[in-house]
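This is start.txt (compact mmCIF, C-alpha atoms).
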# COMPACT_ATOMS: atom_id res chain seq x y z
CA MET A 1 21.13 38.96 19.52
CA ASN A 2 23.49 36.06 19.79
CA ILE A 3 21.75 34.81 22.92
CA LYS A 4 18.38 34.82 21.16
CA LYS A 5 19.76 32.88 18.20
CA SER A 6 21.43 30.32 20.41
CA LEU A 7 18.18 29.87 22.37
CA GLN A 8 16.32 29.11 19.12
CA TYR A 9 18.61 26.13 18.58
CA PHE A 10 16.98 24.37 21.52
CA LEU A 11 13.35 25.02 20.53
CA PRO A 12 11.27 23.11 17.94
CA ASN A 13 10.43 25.14 14.83
CA GLN A 14 6.63 24.91 14.97
CA LYS A 15 5.98 27.84 12.62
CA ALA A 16 7.78 26.41 9.61
CA PHE A 17 6.17 23.03 10.27
CA HIS A 18 2.57 24.29 10.39
CA GLU A 19 2.96 26.39 7.23
CA ILE A 20 3.38 23.23 5.14
CA TYR A 21 1.58 20.59 7.21
CA ASP A 22 -1.74 22.46 7.43
CA TYR A 23 -1.85 22.54 3.62
CA ASP A 24 -1.04 18.79 3.56
CA VAL A 25 -4.03 18.01 5.79
CA LYS A 26 -6.37 20.10 3.63
CA PHE A 27 -5.07 18.45 0.47
CA ASN A 28 -5.45 14.94 1.91
CA ALA A 29 -9.02 15.77 2.99
CA ALA A 30 -9.82 16.95 -0.54
CA PHE A 31 -8.30 13.75 -1.93
CA HIS A 32 -10.62 11.59 0.21
CA ASN A 33 -13.67 13.80 -0.61
CA LYS A 34 -14.02 14.92 3.02
CA LYS A 35 -14.32 18.38 4.53
CA VAL A 36 -12.22 17.62 7.63
CA LEU A 37 -9.91 14.70 8.43
CA LEU A 38 -11.00 12.85 11.59
CA ARG A 39 -8.60 11.91 14.38
CA LYS A 40 -8.75 8.30 13.16
CA ASP A 41 -7.54 9.37 9.72
CA LEU A 42 -4.76 11.56 11.11
CA ARG A 43 -3.40 8.59 13.07
CA SER A 44 -3.20 6.32 10.02
CA TRP A 45 0.28 5.26 8.90
CA GLU A 46 0.13 7.41 5.76
CA MET A 47 -0.57 10.65 7.64
CA GLN A 48 1.90 9.77 10.42
CA TYR A 49 4.59 9.44 7.76
CA VAL A 50 3.74 12.83 6.21
CA ARG A 51 3.66 14.52 9.63
CA LEU A 52 7.06 13.22 10.74
CA PHE A 53 8.54 13.92 7.29
CA ARG A 54 7.56 17.60 7.62
CA LEU A 55 8.72 17.77 11.26
CA CYS A 56 12.17 16.44 10.30
CA GLN A 57 12.52 18.99 7.49
CA ALA A 58 11.33 21.94 9.61
CA ASN A 59 13.75 21.13 12.45
CA GLU A 60 16.77 20.52 10.24
CA ASN A 61 18.93 23.08 12.09
CA ARG A 62 17.52 22.52 15.59
CA ILE A 63 18.58 20.05 18.25
CA TRP A 64 15.12 18.42 18.08
CA ARG A 65 16.09 16.78 14.78
CA TYR A 66 17.54 13.78 16.67
CA TRP A 67 14.19 13.23 18.47
CA TYR A 68 12.08 13.47 15.34
CA ARG A 69 14.46 11.40 13.17
CA PHE A 70 14.24 8.57 15.69
CA TRP A 71 10.45 8.36 15.31
CA PHE A 72 10.66 9.00 11.56
CA LYS A 73 12.95 6.00 11.08
CA ARG A 74 10.52 3.85 13.05
CA VAL A 75 7.62 4.82 10.76
CA CYS A 76 9.81 4.18 7.69
CA ARG A 77 10.60 0.70 8.99
CA LYS A 78 6.95 -0.10 9.76
CA THR A 79 5.50 1.16 6.49
CA GLY A 80 8.30 0.15 4.11
CA ILE A 81 8.68 3.65 2.64
CA GLY A 82 12.30 4.25 1.61
CA MET A 83 12.12 8.06 1.30
CA TYR A 84 14.46 9.79 3.75
CA CYS A 85 13.90 13.35 4.97
CA ASP A 86 16.57 14.96 2.73
CA VAL A 87 14.38 14.66 -0.40
CA LYS A 88 13.04 18.03 -1.59
CA VAL A 89 9.24 17.92 -1.67
CA GLY A 90 6.88 20.87 -2.25
CA LYS A 91 3.72 21.40 -0.26
CA GLY A 92 0.90 18.87 -0.64
CA LEU A 93 2.00 15.21 -0.49
CA VAL A 94 -0.48 12.30 -0.70
CA ILE A 95 0.48 8.68 -0.07
CA GLY A 96 -2.36 6.48 -1.36
CA HIS A 97 -1.25 3.17 0.13
CA TYR A 98 2.09 2.38 1.74
CA GLY A 99 4.60 -0.40 1.13
CA ARG A 100 7.76 -0.67 -1.03
CA ILE A 101 8.02 3.04 -1.97
CA VAL A 102 11.61 3.97 -2.88
CA VAL A 103 12.71 7.55 -3.67
CA ASN A 104 16.32 8.56 -4.34
CA LYS A 105 17.65 11.45 -2.26
CA GLY A 106 18.66 13.50 -5.32
CA ALA A 107 15.08 13.61 -6.62
CA VAL A 108 12.99 16.81 -6.51
CA LEU A 109 9.19 16.64 -6.23
CA GLY A 110 6.87 19.62 -6.86
CA ASN A 111 3.60 20.67 -5.24
CA ASP A 112 0.55 18.37 -5.01
CA VAL A 113 2.25 15.04 -5.77
CA MET A 114 0.60 11.65 -5.17
CA LEU A 115 2.63 8.48 -4.62
CA THR A 116 1.11 4.99 -4.32
CA HIS A 117 2.52 1.65 -3.23
CA ASN A 118 5.40 -0.13 -5.06
CA VAL A 119 6.57 3.12 -6.76
CA THR A 120 10.29 3.63 -7.49
CA ILE A 121 11.85 7.03 -8.28
CA GLY A 122 15.51 6.19 -8.78
CA ARG A 123 18.76 7.40 -10.32
CA ASP A 124 20.63 6.26 -13.41
CA VAL A 125 24.27 5.42 -12.58
CA ARG A 126 25.78 5.90 -16.06
CA GLY A 127 25.06 6.99 -19.64
CA LYS A 128 23.69 10.27 -20.93
CA ARG A 129 20.81 10.33 -18.41
CA LYS A 130 23.05 10.03 -15.33
CA GLY A 131 21.29 11.54 -12.31
CA SER A 132 17.86 11.58 -10.70
CA PRO A 133 14.52 13.00 -11.90
CA VAL A 134 12.82 16.38 -11.38
CA ILE A 135 9.04 16.15 -11.08
CA GLY A 136 6.63 19.09 -11.52
CA ASN A 137 3.38 20.13 -9.89
CA ARG A 138 0.15 18.08 -9.81
CA VAL A 139 1.66 14.71 -10.79
CA VAL A 140 0.03 11.33 -10.08
CA ILE A 141 2.25 8.23 -10.09
CA ARG A 142 0.21 5.02 -9.94
CA THR A 143 1.23 1.60 -8.62
CA ASN A 144 4.28 -0.41 -9.69
CA SER A 145 5.64 2.31 -12.02
CA THR A 146 9.30 3.34 -12.20
CA VAL A 147 10.78 6.79 -12.99
CA THR A 148 14.57 6.87 -13.52
CA GLY A 149 17.33 9.05 -14.96
CA ASN A 150 18.06 12.79 -15.15
CA ILE A 151 14.72 13.69 -16.72
CA ARG A 152 12.09 16.38 -16.27
CA ILE A 153 8.40 15.61 -15.84
CA GLY A 154 6.05 18.56 -16.44
CA ASP A 155 2.94 19.79 -14.65
CA ASP A 156 -0.41 17.96 -14.62
CA VAL A 157 0.88 14.51 -15.63
CA LEU A 158 -0.67 11.07 -14.99
CA ILE A 159 1.67 8.06 -15.03
CA ALA A 160 -0.46 4.91 -15.39
CA PRO A 161 0.22 1.63 -13.49
CA ASN A 162 3.18 -0.61 -14.47
CA THR A 163 4.97 1.95 -16.69
CA PHE A 164 8.73 2.50 -17.01
CA VAL A 165 9.60 6.16 -17.68
CA ASN A 166 13.15 7.24 -18.63
CA PHE A 167 12.39 10.15 -20.99
CA ASP A 168 11.12 13.74 -20.70
CA VAL A 169 7.37 14.19 -20.37
CA PRO A 170 5.67 17.50 -21.40
CA ASP A 171 2.82 19.26 -19.55
CA HIS A 172 -0.78 17.98 -19.65
CA SER A 173 -0.12 14.38 -20.69
CA ILE A 174 -0.77 10.73 -19.81
CA VAL A 175 1.92 8.04 -19.98
CA ILE A 176 0.60 4.51 -20.58
CA GLY A 177 1.92 1.06 -21.49
CA ASN A 178 5.17 -0.85 -21.82
CA PRO A 179 7.06 0.45 -23.86
CA ALA A 180 5.50 3.73 -22.72
CA VAL A 181 3.52 6.06 -25.01
CA ILE A 182 2.68 9.73 -24.33
CA HIS A 183 -0.86 10.97 -25.03
CA HIS A 184 -1.84 14.65 -24.78
CA ARG A 185 -4.89 15.23 -22.58
CA ASP A 186 -6.31 18.41 -21.04
CA ASN A 187 -7.14 17.97 -17.32
CA ALA A 188 -5.07 14.77 -17.12
CA THR A 189 -5.31 14.41 -13.33
CA GLU A 190 -8.99 15.38 -13.04
CA GLY A 191 -10.73 13.09 -10.54
CA HIS A 192 -7.43 11.64 -9.24
CA LEU A 193 -6.46 14.66 -7.13
CA GLY A 194 -8.62 17.00 -5.07
CA ILE A 195 -8.58 20.80 -5.27
CA VAL A 196 -8.02 22.95 -2.18
CA GLU A 197 -10.19 26.08 -2.13
CA MET B 1 11.25 -29.07 17.11
CA GLY B 2 8.91 -27.14 14.77
CA ASN B 3 5.86 -28.80 16.33
CA PHE B 4 7.15 -28.02 19.84
CA ILE B 5 7.27 -24.26 19.10
CA VAL B 6 3.69 -24.40 17.81
CA TYR B 7 2.50 -26.11 21.01
CA LEU B 8 4.26 -23.38 23.06
CA ASN B 9 2.34 -20.71 21.10
CA TYR B 10 -1.03 -22.28 22.03
CA ILE B 11 -0.99 -20.01 25.11
CA ARG B 12 -0.58 -16.87 23.01
CA ALA B 13 -3.23 -18.09 20.58
CA ILE B 14 -6.01 -18.72 23.14
CA PRO B 15 -8.06 -15.65 21.98
CA ALA B 16 -7.61 -16.61 18.33
CA ILE B 17 -8.77 -20.18 19.00
CA ALA B 18 -11.76 -18.94 21.00
CA VAL B 19 -12.81 -16.61 18.16
CA TYR B 20 -12.35 -19.44 15.66
CA ARG B 21 -14.41 -21.85 17.77
CA PHE B 22 -17.36 -19.63 18.78
CA LEU B 23 -17.59 -16.58 16.48
CA LEU B 24 -16.58 -17.56 12.96
CA ASP B 25 -18.18 -19.59 10.19
CA ARG B 26 -15.79 -22.54 10.42
CA THR B 27 -16.48 -24.08 6.99
CA CYS B 28 -15.34 -20.82 5.36
CA VAL B 29 -12.16 -20.44 7.41
CA ASN B 30 -11.22 -24.13 7.10
CA ARG B 31 -11.03 -23.72 3.32
CA ASP B 32 -8.70 -20.72 3.77
CA ILE B 33 -6.52 -22.80 6.09
CA SER B 34 -6.34 -25.85 3.81
CA ARG B 35 -5.39 -23.69 0.80
CA ASN B 36 -2.69 -21.76 2.69
CA VAL B 37 -1.15 -24.89 4.24
CA GLY B 38 -1.20 -26.85 0.98
CA GLU B 39 -2.64 -30.32 0.48
CA LYS B 40 0.72 -32.07 0.15
CA SER B 41 2.14 -30.65 3.38
CA ARG B 42 2.57 -32.92 6.39
CA ILE B 43 0.81 -30.28 8.53
CA SER B 44 -2.47 -30.90 6.65
CA LYS B 45 -2.90 -34.27 8.42
CA LYS B 46 -3.06 -32.56 11.85
CA SER B 47 -6.13 -31.06 13.54
CA TRP B 48 -7.69 -27.76 12.36
CA VAL B 49 -6.62 -25.89 15.52
CA PHE B 50 -3.01 -27.01 15.09
CA GLN B 51 -3.05 -25.86 11.45
CA LEU B 52 -4.49 -22.48 12.48
CA VAL B 53 -1.79 -21.86 15.09
CA TRP B 54 0.93 -23.12 12.75
CA LEU B 55 -0.15 -20.58 10.12
CA LEU B 56 -0.45 -17.72 12.65
CA VAL B 57 3.09 -18.39 13.87
CA ASN B 58 4.85 -19.14 10.60
CA LYS B 59 3.02 -17.25 7.82
CA LYS B 60 2.54 -13.57 8.61
CA VAL B 61 0.25 -12.88 5.63
CA PHE B 62 -2.30 -15.42 6.93
CA ARG B 63 -2.89 -13.14 9.93
CA ASN B 64 -4.26 -10.49 7.53
CA ILE B 65 -6.62 -13.05 5.94
CA PHE B 66 -7.78 -14.36 9.32
CA TYR B 67 -8.39 -10.89 10.77
CA TYR B 68 -10.29 -9.94 7.62
CA ARG B 69 -12.71 -12.84 8.30
CA VAL B 70 -12.98 -11.81 11.96
CA ALA B 71 -13.61 -8.15 11.05
CA CYS B 72 -16.65 -9.22 8.97
CA LYS B 73 -18.27 -10.35 12.27
CA SER B 74 -16.85 -7.76 14.71
CA LYS B 75 -14.12 -5.16 14.28
CA THR B 76 -13.27 -4.98 17.99
CA ALA B 77 -12.35 -8.68 18.08
CA ALA B 78 -9.97 -8.17 15.15
CA SER B 79 -8.22 -5.26 16.84
CA VAL B 80 -7.87 -7.27 20.09
CA LEU B 81 -6.35 -10.23 18.23
CA ASN B 82 -3.92 -7.80 16.56
CA LEU B 83 -2.30 -7.26 19.99
CA PHE B 84 -1.30 -10.92 20.28
CA PHE B 85 -0.19 -11.57 16.69
CA THR B 86 0.59 -8.29 14.87
CA LYS B 87 -0.38 -8.41 11.21
CA GLN B 88 1.77 -7.53 8.22
CA HIS B 89 1.55 -3.78 7.70
CA ASP B 90 1.74 -3.43 3.92
CA CYS B 91 -1.07 -5.84 3.01
CA GLU B 92 -4.68 -4.56 2.96
CA ILE B 93 -7.81 -6.61 2.26
CA SER B 94 -11.39 -5.32 1.98
CA GLY B 95 -14.60 -6.10 0.07
CA ARG B 96 -16.68 -9.28 -0.22
CA ILE B 97 -14.45 -12.30 -0.87
CA GLY B 98 -15.57 -15.94 -1.03
CA PRO B 99 -13.99 -18.85 0.90
CA GLY B 100 -10.57 -20.21 -0.06
CA LEU B 101 -8.56 -16.96 -0.24
CA ALA B 102 -4.79 -17.43 -0.47
CA ILE B 103 -2.05 -14.77 -0.65
CA TRP B 104 1.60 -15.68 -1.20
CA HIS B 105 4.39 -13.36 0.15
CA GLY B 106 1.98 -10.39 0.24
CA TYR B 107 4.46 -7.50 0.29
CA GLY B 108 2.69 -4.38 -1.02
CA THR B 109 -0.55 -6.19 -1.84
CA VAL B 110 -3.81 -4.21 -1.85
CA ILE B 111 -7.13 -5.98 -2.50
CA SER B 112 -10.24 -3.77 -2.35
CA CYS B 113 -12.90 -5.32 -4.58
CA ASN B 114 -16.63 -5.18 -5.19
CA GLU B 115 -16.98 -8.97 -5.13
CA ILE B 116 -14.66 -11.96 -5.56
CA GLY B 117 -15.64 -15.64 -5.88
CA GLU B 118 -14.11 -18.65 -4.17
CA ASN B 119 -10.52 -19.98 -4.42
CA PHE B 120 -8.92 -16.61 -5.28
CA SER B 121 -5.14 -16.42 -5.09
CA ALA B 122 -2.80 -13.41 -5.29
CA TRP B 123 0.97 -12.87 -5.16
CA GLN B 124 3.21 -9.98 -4.00
CA GLY B 125 2.69 -6.46 -5.39
CA VAL B 126 -0.82 -7.22 -6.67
CA THR B 127 -3.33 -4.37 -6.76
CA VAL B 128 -7.07 -4.96 -7.13
CA GLY B 129 -8.50 -1.49 -6.80
CA ARG B 130 -10.55 1.40 -8.05
CA ASN B 131 -10.21 3.57 -11.13
CA PRO B 132 -11.94 6.90 -10.38
CA LYS B 133 -14.32 8.12 -13.09
CA GLN B 134 -17.01 10.73 -12.87
CA GLY B 135 -20.65 9.62 -12.69
CA GLN B 136 -19.96 6.01 -11.58
CA LYS B 137 -21.05 4.72 -8.18
CA VAL B 138 -19.23 1.36 -8.38
CA ASP B 139 -15.59 1.71 -9.45
CA LYS B 140 -14.19 -1.63 -8.29
CA PRO B 141 -13.89 -4.99 -10.11
CA THR B 142 -16.09 -8.09 -9.84
CA ILE B 143 -14.18 -11.37 -10.19
CA GLY B 144 -15.47 -14.96 -10.59
CA ASP B 145 -14.35 -18.28 -9.12
CA ASN B 146 -10.92 -19.99 -9.31
CA CYS B 147 -9.03 -16.89 -10.50
CA SER B 148 -5.37 -16.15 -9.86
CA VAL B 149 -3.49 -12.84 -10.21
CA PHE B 150 0.29 -13.13 -10.49
CA THR B 151 3.07 -10.79 -9.28
CA ASN B 152 2.83 -6.99 -9.79
CA ALA B 153 -0.36 -7.24 -11.88
CA VAL B 154 -2.99 -4.49 -11.61
CA VAL B 155 -6.75 -5.02 -11.95
CA ALA B 156 -8.75 -1.78 -11.68
CA GLY B 157 -12.01 -0.09 -12.60
CA ASN B 158 -15.67 -1.09 -12.86
CA ILE B 159 -15.07 -4.34 -14.80
CA ARG B 160 -16.35 -7.92 -14.74
CA ILE B 161 -13.93 -10.85 -14.91
CA GLY B 162 -15.21 -14.41 -15.49
CA SER B 163 -14.21 -17.59 -13.70
CA ASN B 164 -11.04 -19.69 -14.28
CA VAL B 165 -9.09 -16.62 -15.46
CA LYS B 166 -5.32 -16.23 -15.04
CA ILE B 167 -3.83 -12.73 -15.11
CA GLY B 168 -0.12 -12.79 -15.92
CA ALA B 169 2.76 -11.08 -14.13
CA GLY B 170 3.15 -7.33 -14.74
CA SER B 171 -0.05 -6.93 -16.76
CA VAL B 172 -2.60 -4.12 -16.41
CA CYS B 173 -6.20 -5.31 -16.86
CA MET B 174 -8.81 -2.54 -17.20
CA LYS B 175 -11.47 -4.16 -19.45
CA ASP B 176 -13.98 -7.04 -19.25
CA VAL B 177 -12.66 -10.60 -19.56
CA PRO B 178 -14.76 -13.72 -20.44
CA ASP B 179 -14.43 -17.16 -18.81
CA ASP B 180 -11.42 -19.51 -19.20
CA CYS B 181 -8.90 -16.94 -20.47
CA VAL B 182 -5.30 -15.84 -19.95
CA VAL B 183 -4.54 -12.09 -19.77
CA LEU B 184 -1.01 -10.93 -20.65
CA GLY B 185 0.97 -7.73 -21.25
CA ASN B 186 0.66 -3.99 -20.74
CA PRO B 187 -1.76 -2.77 -22.22
CA CYS B 188 -3.42 -6.16 -21.85
CA ARG B 189 -4.25 -8.73 -24.54
CA ILE B 190 -6.66 -11.60 -23.96
CA ARG B 191 -5.58 -15.07 -25.09
CA GLY B 192 -7.73 -18.21 -25.40
CA ASN B 193 -8.13 -21.24 -23.15
CA SER B 194 -6.42 -21.32 -19.79
CA GLN B 195 -6.62 -25.16 -19.60

Output the file's structure as structure tokens, nothing else.
Amino acid sequence: MNIKKSLQYFLPNQKAFHEIYDYDVKFNAAFHNKKVLLRKDLRSWEMQYVRLFRLCQANENRIWRYWYRFWFKRVCRKTGIGMYCDVKVGKGLVIGHYGRIVVNKGAVLGNDVMLTHNVTIGRDVRGKRKGSPVIGNRVVIRTNSTVTGNIRIGDDVLIAPNTFVNFDVPDHSIVIGNPAVIHHRDNATEGHLGIVE
Amino acid sequence: MGNFIVYLNYIRAIPAIAVYRFLLDRTCVNRDISRNVGEKSRISKKSWVFQLVWLLVNKKVFRNIFYYRVACKSKTAASVLNLFFTKQHDCEISGRIGPGLAIWHGYGTVISCNEIGENFSAWQGVTVGRNPKQGQKVDKPTIGDNCSVFTNAVVAGNIRIGSNVKIGAGSVCMKDVPDDCVVLGNPCRIRGNSQ
């Protein structure tokens, strides 16, 4: 038994990788209103980032982590995405455009999350909201918006462009404006995110 | 010394100069060059080819603008030129844009429009994009002449913006705007004359 476990240390963990990444590809295809992603789309910088992000997380306890982290850091440098592979992300991640995305390593993202360019998800260093945010399922964060502090964002939430959020947001709502205002809306993310059948 | 480095880069820029000379509409690209160099600069007294190479070497965002003009004629030429001078990764331009396009700093800038007039200028973090709604074929903005969009502003949706409009820093513009106006704030308010 010990020999088998020690052999696993030297092999890449393809099974854990494909469980999550296959769903990512389907979700990205649904986002772009396509049935299948072409090879050209899979080689874009956005999908390369998602692929290496999942590979790094799947091979966390294997020796291959050094190989994948090397290429992952290169993609981070090219695209300007400051989200390292120790962030907890559920299955289904869409990156709309890349450039100047910053995510703190204490943050937790749910399933089916969309990030766009110039988004910041950061921590608060002091005060009553000290910590970093927890984000639910089916959340869309549009350009230039900032989410900070130890807060909880519910399911099915749309954060509009150029908003600053440092308070709790309930389920099924839209956050708009500066200072931000919460509006209740059923099907808040309808049309922004695709649905995988 | 600065001029000497530009003359050294003439060898690297031979494909770019050939494309500029034989493939492109030169009156359109010359207006891009003269806006990006600036009229007061000492470089503006030199020849057009020198100004082109000076911009390709010194201003990385101009490569995105130049390759966008090339890609209107042929996409293969743009991808070949990308081997010699690699473009800035986080700046994307698409749509029909008139002559005299200028982008300053260009980090995290995305411009995908329906139509934009001449002498458009954008700063870093600007997004001109789509706002998805059901039952609409066109979901991108149409912008007139002599407009400028300042840092981190967002212009989105199927809207029509007039000419001589200034959109202020950090504002979100999602409704129609008449001519000669200033747009400020989030959600946006429209103020009077921009002159």

Inset, instruction - Identify all chain B residues at most 12 Å from chain A by counting all atoms listed in the file; ligands do not count. Present them as a PyMOL selection string. - result: chain B and resi 86-93+106-112+124-136+151-156+169-174+184-189

Inset, instruction - Please identify all polymer residues within 10 Å of range 16-18 of chain B, counting all atoms listed in the file, omitting same-chain residues fewer than 6 positions from it, and present them as a PyMOL selection string. - result: chain B and resi 10+24+49-50+52-53+56+66-67+70+77-78+80-82+84-85

Inset, instruction - Find the residues around Asp156 in chain A up to 8 Å (only C-alpha atoms counted), leave out those fewer than 3 positions away in its own chain, and share them as a PyMOL selection string. - result: chain A and resi 136-139+171-173+187-189

Inset, instruction - Counting all atoms listed in the file, note down every residue that has an atom within 12 Å of the point (-4.9, -14.0, -25.2) (file coordinates), as a ChimeraX atom specification. - result: /B:165-168,177-185,188-194

Inset, instruction - Write out as a PyMOL selection string which residues come within 9 Å of range 63-74 of chain A when counting all atoms listed in the file, dropping same-chain ones fewer than 5 positions away. - result: chain A and resi 9-13+48-49+52-53+55-58+79+84-85

Report, as AutoDock Vina command-line options, the axis-aligned box around all atoms of range 1-11 of chain A present in the file, extended by 6 Å on each side; give centre and edge lengths in Å to one decimal place.
--center_x 18.4 --center_y 31.7 --center_z 20.6 --size_x 22.1 --size_y 26.6 --size_z 16.7

Inset, instruction - Find the residue from B:Val138, B:Val19, B:Val29, B:Val37 that sits nearest to Cys113 in chain B; use all atoms listed in the file when measuring. - result: B:Val138

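CA of His105 in chain B is found 16.3 Å from CA of Trp54 in chain B.
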
Legend entry - Residue neighbourhood Lys105 in chain A, 10 Å, all atoms listed in the file, exclusion window fewer than 3 positions, as a list in words: Gly82, Met83, Tyr84, Cys85, Asp86, Val87, Lys88, Val102, Val108, Ile121, Gly122, Arg123 and Ser132 of chain A

Inset, instruction - Could you give me, as a list in words, the residues within 12 Å of Lys26 in chain A, counting all atoms listed in the file and dropping anything in the same chain fewer than 5 positions from it? - result: His18, Glu19, Ile20, Tyr21, Phe31, His32, Asn33, Lys34, Lys35, Val36, Leu37, Leu38, Leu42, Met47, Lys91, Gly92, Leu93, Val94, Asp112, Gly194, Ile195, Val196 and Glu197 of chain A

Inset, instruction - Please indicate the distance in Å from CA of Gly100 in chain B to CA of Arg26 in chain B, rounded to one decimal place. - result: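 The value is 11.9 Å.
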
Inset, instruction - Using all atoms listed in the file, give me every residue within 10 Å of (-8.8, -16.7, -11.8) in file coordinates, as a list in words. - result: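 The distance filter leaves exactly Ile116, Gly117, Glu118, Asn119, Phe120, Ser121, Ala122, Ile143, Gly144, Asp145, Asn146, Cys147, Ser148, Val149, Phe150, Ile161, Gly162, Ser163, Asn164, Val165, Lys166, Ile167, Asp179, Asp180, Cys181, Val182 and Ser194 of chain B.
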
Inset, instruction - Could you tell me how far CA of Ile153 in chain A lies from CA of Val25 in chain A, in Å and to one decimal? - result: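 Computed distance, CA of Ile153 in chain A to CA of Val25 in chain A, equals 25.1 Å.
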
Legend entry - Which of B:Asn158, B:Arg96, B:Lys137, B:Leu101 sits closest to Arg31 in chain B [using all atoms listed in the file]: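 Using all atoms listed in the file, Arg31 in chain B sits closest to B:Leu101.
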